Every structure is written in C-alpha cells, then in structure tokens.
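Encoded as structure tokens, the structure appears first; notes follow it.
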Amino acid sequence: MSTFKLVLEYDGTGYSGWQRQPNAPTVQAAVEDVLTGIAETTITVVAAGRTDAGVHALGQVISFQTDRRLTARDWLRAANARLPEDISVISSEAVPDDFHARYSATGKLYRYRVLNRSEPSPLLRHRAWNIYKPLNEEAMRQAAAQLVGRHDFSAFECMPTENDNPICALHSVELQRDGDLLDLSFYADRFLKQMVRSMVGTLVEIGQGKRQATDMQTIVKGCNRSAAGRTAPPQGLYLVRVDYEFGNRRRVADQAD
C-alpha cells in the first residue's frame, strides 16, 4: 500500500463546495471518481480543507492510499487526462504512510480578493467581491493587526459546525492593492468554518466606515458571531497554500502566485 499527496488547483464556481454531497456536483466527487477509475477500485481522498461552494483553490492538498502500482507522475498525468477542465493536479508525490492531508498540516494561507471600483467586472464576477465605494485601507490595516495572535475566534465562526476547538494561531494578515484589486491574505495554523470570509466581511465594514478599527479587539474578545460583520461572499476566496513538516525539514505545497 502506498500513500500519495496531490496538490490541486480548481475553479470552484460550478461546484457545491469540496465535500461530496448527494445530488450535487462537488470537487471531491469529481476527483475521487477519476482516481477510482484509474485505480479500478474505490479511492477515498482526504483534503487539507473543505472549501465552500464557489470557493477556489491554488494549492488544495489531498492524500490517499492505494495498492495500484503507479508512480507519482503516473497519477498526475492520468488524473489530468480525465479531470474536468476546471480542476487540475499541479503536483504529485509519494509520502510516508502516516501523512494526512488535514491533520499533518502546520499552516494554511488563504487569500480574499476584493474588486474595489464603481464598475462591475464581467471577467471577475466569479473571482472577486465587488465593493463599489472607496475603502479606508489604513483603518482596515489597523483592525487587521488586532486579529494577529492566538485567540478564540468564535466571533468569526459560522454555524452549524462540528468543531469544538475555536482556538487558532493567526500568524499574519496582509492587505495589498494592485490597481482596483485589494487582496487580503491570512496565514494561520488552522481556520474555523467561514472564518476568513467573516473576518473579511468585518474588515470591509470597517473600511466602509460602518465600524471603527478599534472595534475589532472588542469583537474578538466577545466571541459572539452576531457582533462581527457579515460573511463575505465565497467567490473572492482562494486556498493558496498548505504547509507541512516532513521530519526536520519544512515542506510547502504551493502554486506560484
């Protein structure tokens, strides 16, 4: 039995999220069906994160075990020959049998893209959240700095959830503008359900002047989802990277930005 790690890139627009569901197209179902066809026996995969409907990935990581005698390159080439055009395997490797795409992860990077201009973009309607009025980016940065650290992030966790541990270590939050596009990047050891989208929604409300930057600390400490801002729509969110440690060396599953 061999264990493989694949890194996926996908456009989540046409899917009801990552996780397999009855009577709905999902990324997991599409990937498992292809791998099962290659292996000629049922393949079940584990993903680093369960992205929601409409959410995209540049570096989603999956792992699976199989007794089919194929190399990592064989899996990559065979999968890409069969996958739909909105899903691609961008790397593949054999890993130790105790590797687990979700539980072995040491860090994840998510990016949220905001199109900040008065005119909508037909090309970005499934790729970014269009905010029509100018945003106060300095206030957003001041508020974002208050999110960094090890906190109970219940204020940004959407229900229902099976998670019973709301503590996350958020290592960094960065805002970068390129013309009309404002990218908000979040790196943490783990994330709660829709946590990034909830933080983005709150930061945007601060940028719009609906809240003060100093409100963020109170929101975090209050641990009450109703006190935070709206949940940003899914189409602006990307799972960019998942980090792992193999032995004493750090391994990064990444796609160049």
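Identifiers in the structure tokens: chain A, B, ... in order shown; residue index from 1 per chain; ligand index from 1 in order shown.
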
Exercise for the section: Please report, as number ranges by chain, each residue of stretch 129-178 of chain A to which DSSP assigns helix (DSSP H, G or I) when run on this structure's backbone. Expected result: A: 137-145, 154-156

Keeping all heavy atoms for every residue in the selection just given, could you write it to a file as a PDB file, in the first residue's frame?
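Final file, result.pdb:
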```
ATOM      1  N   GLU A 137      -8.328  51.957   3.660  1.00  0.00           N
ATOM      2  CA  GLU A 137      -7.407  50.830   3.839  1.00  0.00           C
ATOM      3  C   GLU A 137      -6.575  50.958   5.114  1.00  0.00           C
ATOM      4  O   GLU A 137      -6.211  49.944   5.722  1.00  0.00           O
ATOM      5  CB  GLU A 137      -6.500  50.703   2.625  1.00  0.00           C
ATOM      6  CG  GLU A 137      -7.250  50.290   1.368  1.00  0.00           C
ATOM      7  CD  GLU A 137      -6.355  50.265   0.153  1.00  0.00           C
ATOM      8  OE1 GLU A 137      -5.192  49.809   0.269  1.00  0.00           O
ATOM      9  OE2 GLU A 137      -6.800  50.714  -0.926  1.00  0.00           O
ATOM     10  N   GLU A 138      -6.261  52.169   5.523  1.00  0.00           N
ATOM     11  CA  GLU A 138      -5.481  52.343   6.746  1.00  0.00           C
ATOM     12  C   GLU A 138      -6.271  51.847   7.952  1.00  0.00           C
ATOM     13  O   GLU A 138      -5.721  51.169   8.833  1.00  0.00           O
ATOM     14  CB  GLU A 138      -5.090  53.801   6.930  1.00  0.00           C
ATOM     15  CG  GLU A 138      -4.256  54.069   8.179  1.00  0.00           C
ATOM     16  CD  GLU A 138      -2.997  53.219   8.246  1.00  0.00           C
ATOM     17  OE1 GLU A 138      -2.405  52.930   7.186  1.00  0.00           O
ATOM     18  OE2 GLU A 138      -2.601  52.832   9.374  1.00  0.00           O
ATOM     19  N   ALA A 139      -7.572  52.149   8.007  1.00  0.00           N
ATOM     20  CA  ALA A 139      -8.406  51.649   9.102  1.00  0.00           C
ATOM     21  C   ALA A 139      -8.491  50.125   9.055  1.00  0.00           C
ATOM     22  O   ALA A 139      -8.458  49.449  10.097  1.00  0.00           O
ATOM     23  CB  ALA A 139      -9.801  52.261   9.004  1.00  0.00           C
ATOM     24  N   MET A 140      -8.567  49.565   7.850  1.00  0.00           N
ATOM     25  CA  MET A 140      -8.628  48.107   7.705  1.00  0.00           C
ATOM     26  C   MET A 140      -7.334  47.457   8.193  1.00  0.00           C
ATOM     27  O   MET A 140      -7.359  46.421   8.862  1.00  0.00           O
ATOM     28  CB  MET A 140      -8.903  47.733   6.246  1.00  0.00           C
ATOM     29  CG  MET A 140     -10.288  48.154   5.756  1.00  0.00           C
ATOM     30  SD  MET A 140     -10.528  47.889   3.979  1.00  0.00           S
ATOM     31  CE  MET A 140     -10.551  46.092   3.891  1.00  0.00           C
ATOM     32  N   ARG A 141      -6.197  48.081   7.890  1.00  0.00           N
ATOM     33  CA  ARG A 141      -4.907  47.531   8.341  1.00  0.00           C
ATOM     34  C   ARG A 141      -4.787  47.609   9.865  1.00  0.00           C
ATOM     35  O   ARG A 141      -4.267  46.686  10.500  1.00  0.00           O
ATOM     36  CB  ARG A 141      -3.753  48.273   7.673  1.00  0.00           C
ATOM     37  CG  ARG A 141      -3.575  47.918   6.211  1.00  0.00           C
ATOM     38  CD  ARG A 141      -2.279  48.521   5.642  1.00  0.00           C
ATOM     39  NE  ARG A 141      -2.046  48.008   4.291  1.00  0.00           N
ATOM     40  CZ  ARG A 141      -2.525  48.561   3.185  1.00  0.00           C
ATOM     41  NH1 ARG A 141      -3.260  49.675   3.279  1.00  0.00           N
ATOM     42  NH2 ARG A 141      -2.279  48.039   2.010  1.00  0.00           N
ATOM     43  N   GLN A 142      -5.232  48.704  10.440  1.00  0.00           N
ATOM     44  CA  GLN A 142      -5.185  48.822  11.899  1.00  0.00           C
ATOM     45  C   GLN A 142      -6.044  47.745  12.558  1.00  0.00           C
ATOM     46  O   GLN A 142      -5.643  47.146  13.562  1.00  0.00           O
ATOM     47  CB  GLN A 142      -5.663  50.211  12.311  1.00  0.00           C
ATOM     48  CG  GLN A 142      -4.733  51.350  11.918  1.00  0.00           C
ATOM     49  CD  GLN A 142      -5.305  52.707  12.265  1.00  0.00           C
ATOM     50  OE1 GLN A 142      -6.294  52.826  12.994  1.00  0.00           O
ATOM     51  NE2 GLN A 142      -4.692  53.769  11.750  1.00  0.00           N
ATOM     52  N   ALA A 143      -7.199  47.493  11.990  1.00  0.00           N
ATOM     53  CA  ALA A 143      -8.081  46.465  12.542  1.00  0.00           C
ATOM     54  C   ALA A 143      -7.507  45.073  12.324  1.00  0.00           C
ATOM     55  O   ALA A 143      -7.571  44.210  13.215  1.00  0.00           O
ATOM     56  CB  ALA A 143      -9.463  46.568  11.886  1.00  0.00           C
ATOM     57  N   ALA A 144      -6.929  44.837  11.150  1.00  0.00           N
ATOM     58  CA  ALA A 144      -6.355  43.526  10.842  1.00  0.00           C
ATOM     59  C   ALA A 144      -5.227  43.171  11.807  1.00  0.00           C
ATOM     60  O   ALA A 144      -5.072  42.003  12.196  1.00  0.00           O
ATOM     61  CB  ALA A 144      -5.847  43.511   9.407  1.00  0.00           C
ATOM     62  N   ALA A 145      -4.445  44.161  12.212  1.00  0.00           N
ATOM     63  CA  ALA A 145      -3.338  43.910  13.136  1.00  0.00           C
ATOM     64  C   ALA A 145      -3.836  43.357  14.466  1.00  0.00           C
ATOM     65  O   ALA A 145      -3.128  42.604  15.145  1.00  0.00           O
ATOM     66  CB  ALA A 145      -2.542  45.190  13.353  1.00  0.00           C
ATOM     67  N   SER A 154     -14.237  32.475  17.894  1.00  0.00           N
ATOM     68  CA  SER A 154     -15.661  32.154  17.803  1.00  0.00           C
ATOM     69  C   SER A 154     -16.472  33.267  17.146  1.00  0.00           C
ATOM     70  O   SER A 154     -17.502  33.006  16.521  1.00  0.00           O
ATOM     71  CB  SER A 154     -16.236  31.878  19.197  1.00  0.00           C
ATOM     72  OG  SER A 154     -15.651  30.734  19.777  1.00  0.00           O
ATOM     73  N   ALA A 155     -16.019  34.503  17.273  1.00  0.00           N
ATOM     74  CA  ALA A 155     -16.746  35.633  16.698  1.00  0.00           C
ATOM     75  C   ALA A 155     -16.810  35.563  15.180  1.00  0.00           C
ATOM     76  O   ALA A 155     -17.630  36.235  14.554  1.00  0.00           O
ATOM     77  CB  ALA A 155     -16.095  36.948  17.123  1.00  0.00           C
ATOM     78  N   PHE A 156     -15.950  34.722  14.572  1.00  0.00           N
ATOM     79  CA  PHE A 156     -15.894  34.625  13.120  1.00  0.00           C
ATOM     80  C   PHE A 156     -16.217  33.219  12.614  1.00  0.00           C
ATOM     81  O   PHE A 156     -15.986  32.923  11.444  1.00  0.00           O
ATOM     82  CB  PHE A 156     -14.514  35.054  12.623  1.00  0.00           C
ATOM     83  CG  PHE A 156     -14.123  36.424  13.088  1.00  0.00           C
ATOM     84  CD1 PHE A 156     -13.248  36.592  14.159  1.00  0.00           C
ATOM     85  CD2 PHE A 156     -14.645  37.556  12.491  1.00  0.00           C
ATOM     86  CE1 PHE A 156     -12.896  37.849  14.604  1.00  0.00           C
ATOM     87  CE2 PHE A 156     -14.301  38.825  12.928  1.00  0.00           C
ATOM     88  CZ  PHE A 156     -13.427  38.983  13.990  1.00  0.00           C
TER      89      PHE A 156
END
```

Practice task
Would you please give, as a ChimeraX atom specification, all residues of stretch 98-203 of chain A that DSSP assigns to strand (DSSP E) based on the backbone?
Solution key: /A:105-116,129-131,149-152,167-178,181-188

Name the residues in contact with stretch 179-193 of chain A at a cut-off of 9 Å, using only C-alpha atoms, excluding same-chain residues fewer than 5 positions from it; report them as a short mmCIF file (atom, residue, chain, number, x, y, z; two decimals) with all heavy atoms, in the first residue's frame.
```cif
data_model
loop_
_atom_site.label_atom_id
_atom_site.label_comp_id
_atom_site.auth_asym_id
_atom_site.auth_seq_id
_atom_site.Cartn_x
_atom_site.Cartn_y
_atom_site.Cartn_z
N GLY A 49 -8.51 21.07 3.43
CA GLY A 49 -9.58 21.95 3.86
C GLY A 49 -10.82 21.73 3.02
O GLY A 49 -10.73 21.42 1.83
N ARG A 50 -11.99 21.91 3.64
CA ARG A 50 -13.25 21.72 2.94
C ARG A 50 -13.75 23.07 2.43
O ARG A 50 -14.47 23.77 3.13
CB ARG A 50 -14.29 21.08 3.87
CG ARG A 50 -13.89 19.70 4.37
CD ARG A 50 -14.91 19.20 5.39
NE ARG A 50 -14.57 17.89 5.91
CZ ARG A 50 -15.25 17.24 6.85
NH1 ARG A 50 -16.33 17.83 7.39
NH2 ARG A 50 -14.87 16.05 7.27
N ALA A 105 -1.05 19.04 8.43
CA ALA A 105 -0.79 20.42 8.03
C ALA A 105 -0.34 21.26 9.21
O ALA A 105 -0.86 21.14 10.32
CB ALA A 105 -2.06 21.03 7.42
N THR A 106 0.65 22.11 8.98
CA THR A 106 1.15 23.02 10.02
C THR A 106 0.73 24.46 9.78
O THR A 106 0.83 25.29 10.68
CB THR A 106 2.69 22.96 10.09
OG1 THR A 106 3.24 23.31 8.81
CG2 THR A 106 3.15 21.55 10.46
N GLY A 107 0.26 24.78 8.59
CA GLY A 107 -0.18 26.14 8.30
C GLY A 107 -0.90 26.21 6.98
O GLY A 107 -0.66 25.40 6.07
N LYS A 108 -1.82 27.19 6.87
CA LYS A 108 -2.57 27.40 5.63
C LYS A 108 -2.62 28.89 5.30
O LYS A 108 -2.71 29.72 6.20
CB LYS A 108 -4.01 26.87 5.77
CG LYS A 108 -4.12 25.37 6.00
CD LYS A 108 -5.57 24.96 6.20
CE LYS A 108 -5.68 23.48 6.53
NZ LYS A 108 -7.09 23.08 6.79
N LEU A 109 -2.55 29.16 4.02
CA LEU A 109 -2.65 30.52 3.53
C LEU A 109 -3.89 30.67 2.67
O LEU A 109 -4.07 29.93 1.69
CB LEU A 109 -1.41 30.89 2.70
CG LEU A 109 -1.44 32.26 2.01
CD1 LEU A 109 -1.46 33.39 3.03
CD2 LEU A 109 -0.25 32.42 1.06
N TYR A 110 -4.78 31.59 3.08
CA TYR A 110 -5.96 31.93 2.29
C TYR A 110 -5.82 33.37 1.81
O TYR A 110 -5.27 34.21 2.51
CB TYR A 110 -7.23 31.82 3.12
CG TYR A 110 -7.78 30.42 3.28
CD1 TYR A 110 -7.42 29.63 4.36
CD2 TYR A 110 -8.69 29.91 2.36
CE1 TYR A 110 -7.94 28.35 4.51
CE2 TYR A 110 -9.22 28.63 2.51
CZ TYR A 110 -8.84 27.86 3.59
OH TYR A 110 -9.36 26.59 3.73
N ARG A 111 -6.34 33.62 0.62
CA ARG A 111 -6.36 34.98 0.09
C ARG A 111 -7.79 35.33 -0.33
O ARG A 111 -8.47 34.50 -0.94
CB ARG A 111 -5.41 35.13 -1.08
CG ARG A 111 -5.38 36.53 -1.68
CD ARG A 111 -4.26 36.66 -2.69
NE ARG A 111 -2.97 36.43 -2.06
CZ ARG A 111 -2.02 35.64 -2.57
NH1 ARG A 111 -2.22 35.04 -3.72
NH2 ARG A 111 -0.88 35.48 -1.92
N TYR A 112 -8.20 36.54 0.00
CA TYR A 112 -9.51 37.02 -0.42
C TYR A 112 -9.32 38.23 -1.31
O TYR A 112 -8.61 39.18 -0.96
CB TYR A 112 -10.40 37.37 0.77
CG TYR A 112 -11.85 37.50 0.36
CD1 TYR A 112 -12.73 36.44 0.50
CD2 TYR A 112 -12.32 38.68 -0.22
CE1 TYR A 112 -14.05 36.54 0.07
CE2 TYR A 112 -13.62 38.79 -0.65
CZ TYR A 112 -14.48 37.71 -0.50
OH TYR A 112 -15.78 37.82 -0.95
N ARG A 113 -9.98 38.21 -2.47
CA ARG A 113 -9.81 39.28 -3.46
C ARG A 113 -11.04 40.16 -3.52
O ARG A 113 -12.17 39.68 -3.71
CB ARG A 113 -9.52 38.66 -4.82
CG ARG A 113 -9.44 39.63 -5.97
CD ARG A 113 -8.57 39.11 -7.08
NE ARG A 113 -7.14 39.22 -6.72
CZ ARG A 113 -6.16 38.99 -7.59
NH1 ARG A 113 -6.43 38.65 -8.84
NH2 ARG A 113 -4.90 39.12 -7.20
N VAL A 114 -10.81 41.46 -3.36
CA VAL A 114 -11.87 42.47 -3.44
C VAL A 114 -11.61 43.33 -4.67
O VAL A 114 -10.50 43.85 -4.86
CB VAL A 114 -11.90 43.36 -2.18
CG1 VAL A 114 -12.87 44.53 -2.37
CG2 VAL A 114 -12.29 42.53 -0.96
N LEU A 115 -12.61 43.49 -5.51
CA LEU A 115 -12.55 44.44 -6.62
C LEU A 115 -13.18 45.73 -6.12
O LEU A 115 -14.39 45.81 -5.92
CB LEU A 115 -13.31 43.91 -7.83
CG LEU A 115 -13.41 44.87 -9.03
CD1 LEU A 115 -12.02 45.15 -9.61
CD2 LEU A 115 -14.34 44.32 -10.09
N ASN A 116 -12.35 46.74 -5.91
CA ASN A 116 -12.81 47.98 -5.29
C ASN A 116 -12.90 49.09 -6.34
O ASN A 116 -11.99 49.89 -6.52
CB ASN A 116 -11.86 48.38 -4.16
CG ASN A 116 -12.35 49.54 -3.33
OD1 ASN A 116 -11.57 50.26 -2.72
ND2 ASN A 116 -13.66 49.74 -3.28
N ARG A 117 -14.02 49.08 -7.06
CA ARG A 117 -14.28 50.12 -8.05
C ARG A 117 -15.78 50.22 -8.29
O ARG A 117 -16.53 49.29 -7.95
CB ARG A 117 -13.54 49.84 -9.36
CG ARG A 117 -14.12 48.71 -10.18
CD ARG A 117 -13.31 48.47 -11.45
NE ARG A 117 -14.05 47.63 -12.38
CZ ARG A 117 -13.53 47.07 -13.47
NH1 ARG A 117 -12.23 47.27 -13.74
NH2 ARG A 117 -14.26 46.34 -14.28
N ALA A 128 -14.00 37.65 -7.54
CA ALA A 128 -13.76 38.70 -6.54
C ALA A 128 -15.09 39.28 -6.08
O ALA A 128 -16.12 39.14 -6.73
CB ALA A 128 -12.89 39.80 -7.14
N PHE A 153 -11.49 32.40 18.15
CA PHE A 153 -12.06 33.10 17.00
C PHE A 153 -13.53 32.76 16.80
O PHE A 153 -14.04 32.81 15.67
CB PHE A 153 -11.26 32.77 15.74
CG PHE A 153 -9.98 33.55 15.60
CD1 PHE A 153 -8.78 33.02 16.04
CD2 PHE A 153 -9.99 34.82 15.05
CE1 PHE A 153 -7.60 33.74 15.93
CE2 PHE A 153 -8.81 35.56 14.94
CZ PHE A 153 -7.61 35.02 15.37
N SER A 154 -14.24 32.48 17.89
CA SER A 154 -15.66 32.15 17.80
C SER A 154 -16.47 33.27 17.15
O SER A 154 -17.50 33.01 16.52
CB SER A 154 -16.24 31.88 19.20
OG SER A 154 -15.65 30.73 19.78
N PHE A 156 -15.95 34.72 14.57
CA PHE A 156 -15.89 34.63 13.12
C PHE A 156 -16.22 33.22 12.61
O PHE A 156 -15.99 32.92 11.44
CB PHE A 156 -14.51 35.05 12.62
CG PHE A 156 -14.12 36.42 13.09
CD1 PHE A 156 -13.25 36.59 14.16
CD2 PHE A 156 -14.65 37.56 12.49
CE1 PHE A 156 -12.90 37.85 14.60
CE2 PHE A 156 -14.30 38.83 12.93
CZ PHE A 156 -13.43 38.98 13.99
N GLU A 157 -16.75 32.38 13.49
CA GLU A 157 -17.09 31.01 13.10
C GLU A 157 -18.58 30.91 12.79
O GLU A 157 -19.42 31.27 13.63
CB GLU A 157 -16.73 30.01 14.21
CG GLU A 157 -17.02 28.57 13.82
CD GLU A 157 -16.59 27.60 14.90
OE1 GLU A 157 -16.62 27.97 16.10
OE2 GLU A 157 -16.20 26.47 14.57
N CYS A 158 -18.91 30.42 11.61
CA CYS A 158 -20.31 30.30 11.22
C CYS A 158 -20.85 28.92 11.60
O CYS A 158 -20.13 27.92 11.61
CB CYS A 158 -20.46 30.52 9.72
SG CYS A 158 -20.11 32.22 9.22
N MET A 159 -22.12 28.89 11.92
CA MET A 159 -22.79 27.66 12.33
C MET A 159 -23.67 27.14 11.19
O MET A 159 -24.08 27.90 10.32
CB MET A 159 -23.63 27.93 13.59
CG MET A 159 -22.80 28.38 14.78
SD MET A 159 -21.68 27.05 15.32
CE MET A 159 -20.71 27.91 16.56
N PRO A 160 -23.98 25.82 11.23
CA PRO A 160 -23.57 24.82 12.20
C PRO A 160 -22.14 24.33 11.94
O PRO A 160 -21.64 24.45 10.83
CB PRO A 160 -24.57 23.69 11.98
CG PRO A 160 -24.91 23.79 10.54
CD PRO A 160 -24.90 25.26 10.22
N THR A 161 -21.51 23.81 12.98
CA THR A 161 -20.16 23.27 12.84
C THR A 161 -19.97 22.13 13.82
O THR A 161 -20.58 22.11 14.90
CB THR A 161 -19.11 24.35 13.10
OG1 THR A 161 -17.80 23.77 13.02
CG2 THR A 161 -19.27 24.97 14.48
N ASN A 163 -16.93 21.51 14.91
CA ASN A 163 -15.70 21.87 15.59
C ASN A 163 -15.97 22.24 17.05
O ASN A 163 -16.92 22.97 17.35
CB ASN A 163 -15.05 23.06 14.88
CG ASN A 163 -13.83 23.56 15.63
OD1 ASN A 163 -12.85 22.83 15.79
ND2 ASN A 163 -13.88 24.80 16.09
N ASN A 165 -13.16 23.25 19.01
CA ASN A 165 -11.97 23.99 19.43
C ASN A 165 -11.88 25.28 18.62
O ASN A 165 -11.48 25.28 17.46
CB ASN A 165 -10.71 23.16 19.20
CG ASN A 165 -9.44 23.94 19.55
OD1 ASN A 165 -9.49 24.96 20.24
ND2 ASN A 165 -8.30 23.46 19.07
N PRO A 166 -12.24 26.42 19.22
CA PRO A 166 -12.24 27.69 18.48
C PRO A 166 -10.91 28.43 18.52
O PRO A 166 -10.82 29.56 18.04
CB PRO A 166 -13.32 28.49 19.21
CG PRO A 166 -13.19 28.03 20.63
CD PRO A 166 -12.81 26.58 20.57
N ILE A 167 -9.86 27.82 19.08
CA ILE A 167 -8.58 28.49 19.23
C ILE A 167 -7.73 28.30 17.96
O ILE A 167 -7.50 27.19 17.52
CB ILE A 167 -7.80 27.97 20.44
CG1 ILE A 167 -8.66 28.04 21.71
CG2 ILE A 167 -6.50 28.76 20.61
CD1 ILE A 167 -9.08 29.44 22.09
N CYS A 168 -7.29 29.41 17.40
CA CYS A 168 -6.42 29.39 16.22
C CYS A 168 -5.27 30.36 16.44
O CYS A 168 -5.41 31.36 17.16
CB CYS A 168 -7.17 29.81 14.96
SG CYS A 168 -8.66 28.86 14.59
N ALA A 169 -4.13 30.06 15.82
CA ALA A 169 -2.99 30.98 15.85
C ALA A 169 -2.90 31.64 14.48
O ALA A 169 -2.46 31.03 13.51
CB ALA A 169 -1.71 30.23 16.17
N LEU A 170 -3.36 32.89 14.41
CA LEU A 170 -3.32 33.64 13.17
C LEU A 170 -1.99 34.39 13.12
O LEU A 170 -1.76 35.32 13.88
CB LEU A 170 -4.49 34.62 13.10
CG LEU A 170 -4.67 35.42 11.81
CD1 LEU A 170 -4.86 34.51 10.61
CD2 LEU A 170 -5.86 36.37 11.93
N HIS A 171 -1.10 33.95 12.24
CA HIS A 171 0.26 34.46 12.22
C HIS A 171 0.39 35.79 11.48
O HIS A 171 1.24 36.62 11.82
CB HIS A 171 1.20 33.43 11.59
CG HIS A 171 1.25 32.13 12.33
ND1 HIS A 171 1.73 32.02 13.62
CD2 HIS A 171 0.85 30.87 11.97
CE1 HIS A 171 1.65 30.76 14.02
NE2 HIS A 171 1.12 30.05 13.04
N SER A 172 -0.42 35.99 10.45
CA SER A 172 -0.29 37.23 9.70
C SER A 172 -1.56 37.55 8.94
O SER A 172 -2.31 36.65 8.54
CB SER A 172 0.89 37.15 8.71
OG SER A 172 0.63 36.20 7.71
N VAL A 173 -1.82 38.86 8.77
CA VAL A 173 -2.87 39.37 7.90
C VAL A 173 -2.25 40.49 7.08
O VAL A 173 -1.68 41.43 7.65
CB VAL A 173 -4.08 39.91 8.69
CG1 VAL A 173 -5.16 40.38 7.73
CG2 VAL A 173 -4.63 38.87 9.65
N GLU A 174 -2.33 40.38 5.77
CA GLU A 174 -1.72 41.39 4.90
C GLU A 174 -2.74 41.91 3.91
O GLU A 174 -3.56 41.13 3.38
CB GLU A 174 -0.52 40.80 4.16
CG GLU A 174 0.61 40.36 5.06
CD GLU A 174 1.79 39.82 4.28
OE1 GLU A 174 1.68 39.74 3.03
OE2 GLU A 174 2.80 39.46 4.90
N VAL A 200 -13.09 39.01 6.66
CA VAL A 200 -13.10 39.93 5.53
C VAL A 200 -14.34 40.82 5.58
O VAL A 200 -14.26 42.04 5.38
CB VAL A 200 -13.04 39.16 4.20
CG1 VAL A 200 -13.31 40.10 3.02
CG2 VAL A 200 -11.68 38.50 4.03
#
```
